[in-house]
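Student: I am sharing data_13.cif, which consists of mmCIF, C-alpha atoms:
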```cif
data_target
loop_
_atom_site.label_atom_id
_atom_site.label_comp_id
_atom_site.auth_asym_id
_atom_site.auth_seq_id
_atom_site.Cartn_x
_atom_site.Cartn_y
_atom_site.Cartn_z
CA MET M 948 -0.84 -9.03 29.28
CA VAL M 949 -2.56 -11.27 26.75
CA THR M 950 -4.46 -9.32 24.13
CA PRO M 951 -7.08 -10.83 21.88
CA LYS M 952 -6.34 -11.20 18.19
CA HIS M 953 -8.88 -9.80 15.80
CA GLY M 954 -9.62 -11.24 12.37
CA HIS M 955 -9.24 -9.34 9.12
CA ASP M 956 -10.84 -11.15 6.18
CA LEU M 957 -8.82 -11.09 2.98
CA ASP M 958 -11.72 -12.09 0.75
CA ARG M 959 -13.29 -8.60 0.80
CA LEU M 960 -11.80 -5.22 -0.05
CA THR M 961 -12.26 -3.27 3.19
CA GLY M 962 -10.43 -0.61 5.12
CA LEU M 963 -9.13 -1.41 8.59
CA ALA M 964 -11.93 0.41 10.42
CA GLU M 965 -14.53 -1.43 8.30
CA ALA M 966 -12.86 -4.79 8.92
CA LEU M 967 -12.68 -4.23 12.68
CA ALA M 968 -16.14 -2.72 13.15
CA GLY M 969 -17.52 -3.98 16.43
CA HIS M 970 -14.08 -4.87 17.82
CA GLY M 971 -13.15 -1.43 19.12
CA ALA M 972 -12.38 2.08 17.99
CA VAL M 973 -9.90 2.44 15.13
CA THR M 974 -8.15 5.82 15.06
CA ASN M 975 -5.47 7.26 12.81
CA GLU M 976 -2.50 9.34 13.89
CA VAL M 977 -1.59 11.16 10.68
CA ARG M 978 2.19 11.39 10.74
CA ALA M 979 2.56 12.80 7.21
CA ALA M 980 0.17 14.02 4.51
CA HIS M 981 1.58 15.96 1.57
CA VAL M 982 2.25 16.05 -2.16
CA VAL M 983 5.53 14.52 -3.31
CA THR M 984 6.95 15.61 -6.65
CA ASP M 985 9.35 12.68 -6.97
CA PRO M 986 7.72 9.50 -5.63
CA PRO M 987 9.71 6.23 -5.70
CA ALA M 988 9.92 4.41 -9.05
CA ALA M 989 7.77 1.56 -7.69
CA VAL M 990 4.96 4.06 -7.04
CA PHE M 991 5.15 5.44 -10.60
CA GLU M 992 5.03 1.92 -11.98
CA ARG M 993 2.25 0.58 -9.74
CA LEU M 994 0.00 3.65 -10.14
CA GLY M 995 0.76 4.02 -13.85
CA LEU M 996 1.72 7.67 -13.41
CA PRO M 997 2.97 9.66 -16.40
CA PRO M 998 6.54 11.03 -16.27
CA GLY M 999 6.80 14.10 -14.05
CA ALA M 1000 3.54 13.39 -12.23
CA GLY M 1001 3.49 13.76 -8.48
CA ALA M 1002 1.62 11.73 -5.92
CA VAL M 1003 0.16 12.25 -2.47
CA TYR M 1004 1.99 10.61 0.41
CA LEU M 1005 0.27 9.58 3.64
CA GLU M 1006 1.78 7.95 6.68
CA ARG M 1007 -0.59 6.87 9.43
CA LEU M 1008 -0.17 5.08 12.71
CA ARG M 1009 -3.39 3.11 13.13
CA ARG M 1010 -4.62 2.30 16.63
CA LEU M 1011 -7.27 -0.07 17.93
CA ASP M 1012 -8.70 1.08 21.27
CA GLY M 1013 -5.74 3.41 21.71
CA ARG M 1014 -3.05 0.74 21.20
CA PRO M 1015 -0.87 0.70 18.07
CA LEU M 1016 -1.93 -1.83 15.45
CA SER M 1017 -0.32 -0.83 12.15
CA LEU M 1018 1.94 1.64 10.42
CA ASP M 1019 0.62 2.44 6.94
CA THR M 1020 2.49 4.19 4.13
CA THR M 1021 0.20 5.17 1.26
CA TYR M 1022 0.72 6.83 -2.11
CA LEU M 1023 -2.24 8.07 -4.12
CA ALA M 1024 -2.57 9.43 -7.64
CA ALA M 1025 -2.32 13.21 -7.19
CA ASP M 1026 -5.62 14.10 -8.86
CA ILE M 1027 -7.43 12.02 -6.23
CA GLY M 1028 -5.06 12.27 -3.29
CA SER M 1029 -4.91 16.08 -3.32
CA HIS M 1030 -8.61 16.16 -2.39
CA LEU M 1031 -7.95 13.79 0.52
CA LEU M 1032 -5.47 16.26 2.02
CA GLU M 1033 -8.47 18.45 2.88
CA ALA M 1034 -10.42 15.55 4.44
CA ASN M 1035 -10.59 14.11 7.95
CA LEU M 1036 -7.75 11.60 7.58
CA ALA M 1037 -7.59 11.08 11.35
CA GLY M 1038 -11.19 9.91 11.56
CA ARG M 1039 -11.87 8.18 8.24
CA ASP M 1040 -10.62 5.24 6.19
CA VAL M 1041 -8.94 6.27 2.96
CA PHE M 1042 -11.10 3.84 0.94
CA GLY M 1043 -14.33 5.68 1.74
CA LEU M 1044 -12.71 9.02 0.95
CA ILE M 1045 -11.45 7.77 -2.43
CA GLU M 1046 -14.96 6.64 -3.34
CA GLU M 1047 -16.42 10.00 -2.32
CA VAL M 1048 -13.83 12.01 -4.27
CA THR M 1049 -14.04 9.92 -7.44
CA GLY M 1050 -17.75 9.14 -7.35
CA ARG M 1051 -16.77 5.55 -8.18
CA ARG M 1052 -16.57 2.34 -6.19
CA LEU M 1053 -13.31 0.60 -5.50
CA GLY M 1054 -13.09 -2.53 -7.59
CA THR M 1055 -10.13 -4.79 -6.88
CA ALA M 1056 -6.87 -4.95 -5.00
CA GLU M 1057 -3.73 -6.96 -5.52
CA VAL M 1058 -2.40 -7.99 -2.11
CA SER M 1059 0.91 -9.52 -1.09
CA VAL M 1060 1.49 -10.63 2.52
CA HIS M 1061 4.67 -11.79 4.16
CA ALA M 1062 6.27 -11.62 7.58
CA VAL M 1063 9.22 -9.41 8.45
CA ASN M 1064 11.02 -8.44 11.61
CA ALA M 1065 10.23 -4.94 12.84
CA ASP M 1066 13.06 -2.46 12.35
CA PRO M 1067 13.86 -0.14 15.29
CA ASP M 1068 11.66 2.77 14.10
CA THR M 1069 8.64 0.59 13.27
CA ALA M 1070 9.01 -1.34 16.53
CA ALA M 1071 9.07 1.88 18.55
CA LEU M 1072 5.94 3.23 16.84
CA LEU M 1073 4.06 -0.07 17.18
CA GLU M 1074 5.27 -0.43 20.81
CA ILE M 1075 6.79 -3.87 20.26
CA ALA M 1076 10.30 -5.25 20.69
CA GLN M 1077 12.74 -4.62 17.86
CA GLY M 1078 12.84 -7.72 15.66
CA SER M 1079 9.28 -8.80 16.52
CA ALA M 1080 7.36 -10.41 13.68
CA VAL M 1081 4.95 -8.13 11.84
CA PHE M 1082 2.80 -8.72 8.79
CA ALA M 1083 4.15 -6.76 5.83
CA ILE M 1084 1.35 -6.15 3.38
CA GLU M 1085 1.63 -4.48 0.00
CA ARG M 1086 -1.66 -3.58 -1.64
CA LEU M 1087 -2.47 -1.94 -4.98
CA THR M 1088 -6.09 -0.81 -5.10
CA ARG M 1089 -8.01 -0.06 -8.28
CA LEU M 1090 -11.30 1.67 -9.00
CA ASP M 1091 -14.12 -0.39 -10.50
CA ASP M 1092 -12.98 0.75 -13.98
CA GLY M 1093 -9.52 -0.75 -13.36
CA ARG M 1094 -7.63 2.49 -12.76
CA PRO M 1095 -4.94 2.10 -10.04
CA VAL M 1096 -5.38 4.81 -7.40
CA ASP M 1097 -3.74 3.71 -4.15
CA VAL M 1098 -0.59 1.75 -3.34
CA GLU M 1099 0.14 0.94 0.29
CA TRP M 1100 2.75 -0.72 2.41
CA MET M 1101 1.49 -1.71 5.85
CA HIS M 1102 3.27 -3.16 8.85
CA ILE M 1103 0.73 -4.78 11.15
CA ARG M 1104 1.31 -6.23 14.60
CA ALA M 1105 1.03 -9.99 14.16
CA ASP M 1106 0.22 -10.40 17.84
CA ARG M 1107 -2.98 -8.38 17.48
CA LEU M 1108 -4.41 -9.38 14.10
CA THR M 1109 -5.10 -12.60 12.22
CA LEU M 1110 -5.40 -12.48 8.45
CA GLN M 1111 -8.02 -14.94 7.25
CA THR M 1112 -9.86 -15.97 4.12
CA THR M 1113 -11.93 -18.79 2.66
CA LEU M 1114 -10.42 -20.57 -0.31
CA TYR M 1115 -12.37 -22.54 -2.89
CA ARG M 1116 -10.95 -25.37 -4.94
CA THR M 1117 -11.58 -25.14 -8.67
CA PRO M 1118 -11.59 -28.06 -11.06
CA THR M 1119 -8.14 -29.19 -12.19
CA GLY M 1120 -6.75 -27.21 -15.10
CA ARG M 1121 -8.31 -23.86 -14.18
#
```
Turn the structure described in the file into structure tokens.
Tutor:
Amino acid sequence: MVTPKHGHDLDRLTGLAEALAGHGAVTNEVRAAHVVTDPPAAVFERLGLPPGAGAVYLERLRRLDGRPLSLDTTYLAADIGSHLLEANLAGRDVFGLIEEVTGRRLGTAEVSVHAVNADPDTAALLEIAQGSAVFAIERLTRLDDGRPVDVEWMHIRADRLTLQTTLYRTPTGR
């Protein structure tokens, strides 16, 4: 069966449900949602956490019209993420919840995209063959005041989504 690919613009900071509005229903299967007292070193560094600070860990299987689209692993600063544990994580994008909890807008995100081959566990969850190409996206999201609040690693089915943006050429030397 040939499935249409949907576009996800990389020139705006949006959650998956926002980006795919009008293309179908995005739902979240929350596989894990809890406080971790010893997050990985990369999480401490990226979120700028003080020594001994915990974080909130989320793992969600994201679906578009009932079919798996992405597997998202998210760490949030504990003072913000702990409030999200009480929220409707199955029915809402994390970005909107962060803005509600903090009373601030999200500002920027640093995004890195590359392709990897799906490992057996990821392939099974995304319902693709082991070794299939998936987009591997790492994103660090900051509030509008620059504070890092959310670091994510996403594995997205490359056969269902196209990442797109518009690039502008600047004068030489800039």
Student: Box for stretch 986-1004 of chain M - axis-aligned, 5 Å on each of the six sides, all listed atoms - centre and size in Å to one decimal, as JSON.
Tutor:
```
{"center_x": 5.0, "center_y": 7.3, "center_z": -8.0, "size_x": 19.9, "size_y": 23.5, "size_z": 26.8}
```
Student: Applying 9 Å and only C-alpha atoms, which residues near M:Pro986 remain after dropping the ones on its own chain fewer than 3 positions away? List them as a list in words.
Tutor: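 Residues near the query, excluding close chain neighbours: Val983, Ala989, Val990, Phe991, Ala1000, Gly1001, Ala1002, Val1003, Tyr1004 and Tyr1022 of chain M.
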Student: Let me make sure I understand: among M:Pro1067, M:Pro1015, M:Gly1093, M:Gly1028, which one has the smallest atom-to-atom distance to M:Arg1051 if we use all atoms listed in the file?
Tutor: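 The answer is M:Gly1093, which sits nearest to M:Arg1051.
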Student: Any chance you could work out the residue set of the PyMOL selection byres ((chain M and resi 1013) around 10) here, as a list in words?
Tutor: Gly971, Ala972, Val973, Thr974, Asn975, Arg1009, Arg1010, Leu1011, Asp1012, Arg1014, Pro1015 and Leu1016 of chain M
Student: Can you pull out every residue within 7 Å of stretch 1080-1092 of chain M, counting only C-alpha atoms, but drop anything in the same chain fewer than 3 positions away, and send it as a CSV table (one decimal) with C-alpha atoms, keeping the file's coordinate frame?
Tutor:
```csv
chain,number,residue,atom,x,y,z
M,1051,ARG,CA,-16.8,5.6,-8.2
M,1052,ARG,CA,-16.6,2.3,-6.2
M,1053,LEU,CA,-13.3,0.6,-5.5
M,1054,GLY,CA,-13.1,-2.5,-7.6
M,1055,THR,CA,-10.1,-4.8,-6.9
M,1056,ALA,CA,-6.9,-5.0,-5.0
M,1057,GLU,CA,-3.7,-7.0,-5.5
M,1058,VAL,CA,-2.4,-8.0,-2.1
M,1059,SER,CA,0.9,-9.5,-1.1
M,1060,VAL,CA,1.5,-10.6,2.5
M,1061,HIS,CA,4.7,-11.8,4.2
M,1062,ALA,CA,6.3,-11.6,7.6
M,1063,VAL,CA,9.2,-9.4,8.4
M,1064,ASN,CA,11.0,-8.4,11.6
M,1065,ALA,CA,10.2,-4.9,12.8
M,1095,PRO,CA,-4.9,2.1,-10.0
M,1096,VAL,CA,-5.4,4.8,-7.4
M,1097,ASP,CA,-3.7,3.7,-4.2
M,1098,VAL,CA,-0.6,1.8,-3.3
M,1099,GLU,CA,0.1,0.9,0.3
M,1100,TRP,CA,2.8,-0.7,2.4
M,1101,MET,CA,1.5,-1.7,5.8
M,1102,HIS,CA,3.3,-3.2,8.8
M,1103,ILE,CA,0.7,-4.8,11.2
M,1104,ARG,CA,1.3,-6.2,14.6
M,1105,ALA,CA,1.0,-10.0,14.2
```
Student: Could you write out as an MDAnalysis selection string the residues that the PyMOL selection byres ((chain M and resi 1035-1039) around 6) matches in the shown file?
Tutor: chainID M and resid 975:976 1034 1040
Student: I need the residue nearest M:Glu1006 from this list: M:Leu994, M:Ile1027, M:Ile1045, M:Leu1018. Use all atoms listed in the file for the distance.
Tutor: M:Leu1018
Student: Ranking M:Leu1023, M:Val977, M:Leu1108, M:Leu996 by minimum distance to M:Phe1042 and counting all atoms listed in the file, which one comes first?
Tutor: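 For M:Phe1042, the nearest of the given residues is M:Leu1023.
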Student: So how many Å separate atom CA of M:Ala1076 and atom CA of M:Ala980, to one decimal?
Tutor: 27.1 Å
Student: Using Å and a single decimal, report how far atom CA of M:Thr1020 sits from atom CA of M:Leu1072.
Tutor: 13.2 Å
Student: Restricting the calculation to only C-alpha atoms, which member of M:Ala1024, M:Arg1116, M:Val1041, M:Glu1033 is positioned closest to M:Arg993?
Tutor: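 Result for the nearest residue to M:Arg993: M:Ala1024.
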Student: Considering all atoms listed in the file, state which residue in the set M:Glu1046, M:Glu1074, M:Asp1066, M:Glu992 is at the smallest distance from M:Arg1107.
Tutor: M:Glu1074
Student: One decimal, Å: what's the distance from atom CA of M:Val1048 over to atom CA of M:Gly995, could you say?
Tutor: 19.2 Å
Student: Keeping C-alpha atoms, write stretch 1060-1110 of chain M of the structure just shown out as a PDB file, in the first residue's frame.
Tutor:
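Listing of result20.pdb after writing:
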```pdb
ATOM      1  CA  VAL M1060      18.507  15.815  11.484  1.00  0.00           C
ATOM      2  CA  HIS M1061      20.139  12.734  10.069  1.00  0.00           C
ATOM      3  CA  ALA M1062      19.074   9.339   8.791  1.00  0.00           C
ATOM      4  CA  VAL M1063      19.609   6.084  10.666  1.00  0.00           C
ATOM      5  CA  ASN M1064      18.500   2.517  10.229  1.00  0.00           C
ATOM      6  CA  ALA M1065      15.759   1.442  12.616  1.00  0.00           C
ATOM      7  CA  ASP M1066      16.931  -0.921  15.349  1.00  0.00           C
ATOM      8  CA  PRO M1067      14.709  -3.955  16.081  1.00  0.00           C
ATOM      9  CA  ASP M1068      12.733  -2.311  18.929  1.00  0.00           C
ATOM     10  CA  THR M1069      12.112   0.957  17.068  1.00  0.00           C
ATOM     11  CA  ALA M1070      11.183  -0.915  13.885  1.00  0.00           C
ATOM     12  CA  ALA M1071       8.651  -3.045  15.753  1.00  0.00           C
ATOM     13  CA  LEU M1072       7.012  -0.006  17.379  1.00  0.00           C
ATOM     14  CA  LEU M1073       6.914   1.952  14.111  1.00  0.00           C
ATOM     15  CA  GLU M1074       5.683  -1.151  12.223  1.00  0.00           C
ATOM     16  CA  ILE M1075       8.481  -1.059   9.653  1.00  0.00           C
ATOM     17  CA  ALA M1076      11.164  -3.553   8.660  1.00  0.00           C
ATOM     18  CA  GLN M1077      14.268  -3.675  10.826  1.00  0.00           C
ATOM     19  CA  GLY M1078      16.968  -1.572   9.163  1.00  0.00           C
ATOM     20  CA  SER M1079      14.487   0.735   7.403  1.00  0.00           C
ATOM     21  CA  ALA M1080      15.594   4.345   7.103  1.00  0.00           C
ATOM     22  CA  VAL M1081      14.134   6.720   9.682  1.00  0.00           C
ATOM     23  CA  PHE M1082      14.778  10.377  10.355  1.00  0.00           C
ATOM     24  CA  ALA M1083      16.671  10.797  13.618  1.00  0.00           C
ATOM     25  CA  ILE M1084      16.012  14.259  14.981  1.00  0.00           C
ATOM     26  CA  GLU M1085      17.562  15.799  18.060  1.00  0.00           C
ATOM     27  CA  ARG M1086      15.960  19.020  19.239  1.00  0.00           C
ATOM     28  CA  LEU M1087      16.753  21.338  22.153  1.00  0.00           C
ATOM     29  CA  THR M1088      13.907  23.776  22.764  1.00  0.00           C
ATOM     30  CA  ARG M1089      14.230  27.021  24.699  1.00  0.00           C
ATOM     31  CA  LEU M1090      11.727  29.452  26.164  1.00  0.00           C
ATOM     32  CA  ASP M1091      11.600  32.972  24.743  1.00  0.00           C
ATOM     33  CA  ASP M1092      13.998  34.083  27.512  1.00  0.00           C
ATOM     34  CA  GLY M1093      16.592  31.541  26.312  1.00  0.00           C
ATOM     35  CA  ARG M1094      16.146  28.973  29.082  1.00  0.00           C
ATOM     36  CA  PRO M1095      16.470  25.380  27.776  1.00  0.00           C
ATOM     37  CA  VAL M1096      13.437  23.344  28.848  1.00  0.00           C
ATOM     38  CA  ASP M1097      13.029  20.339  26.550  1.00  0.00           C
ATOM     39  CA  VAL M1098      15.483  18.015  24.823  1.00  0.00           C
ATOM     40  CA  GLU M1099      14.112  15.362  22.496  1.00  0.00           C
ATOM     41  CA  TRP M1100      15.276  12.513  20.345  1.00  0.00           C
ATOM     42  CA  MET M1101      12.754  11.483  17.711  1.00  0.00           C
ATOM     43  CA  HIS M1102      12.736   8.625  15.237  1.00  0.00           C
ATOM     44  CA  ILE M1103      10.298   9.402  12.437  1.00  0.00           C
ATOM     45  CA  ARG M1104       9.208   7.131   9.621  1.00  0.00           C
ATOM     46  CA  ALA M1105      10.852   8.550   6.509  1.00  0.00           C
ATOM     47  CA  ASP M1106       8.243   6.879   4.318  1.00  0.00           C
ATOM     48  CA  ARG M1107       5.452   8.950   5.881  1.00  0.00           C
ATOM     49  CA  LEU M1108       6.966  12.394   6.433  1.00  0.00           C
ATOM     50  CA  THR M1109       8.984  14.887   4.418  1.00  0.00           C
ATOM     51  CA  LEU M1110      11.028  17.495   6.262  1.00  0.00           C
TER      52      LEU M1110
END
```
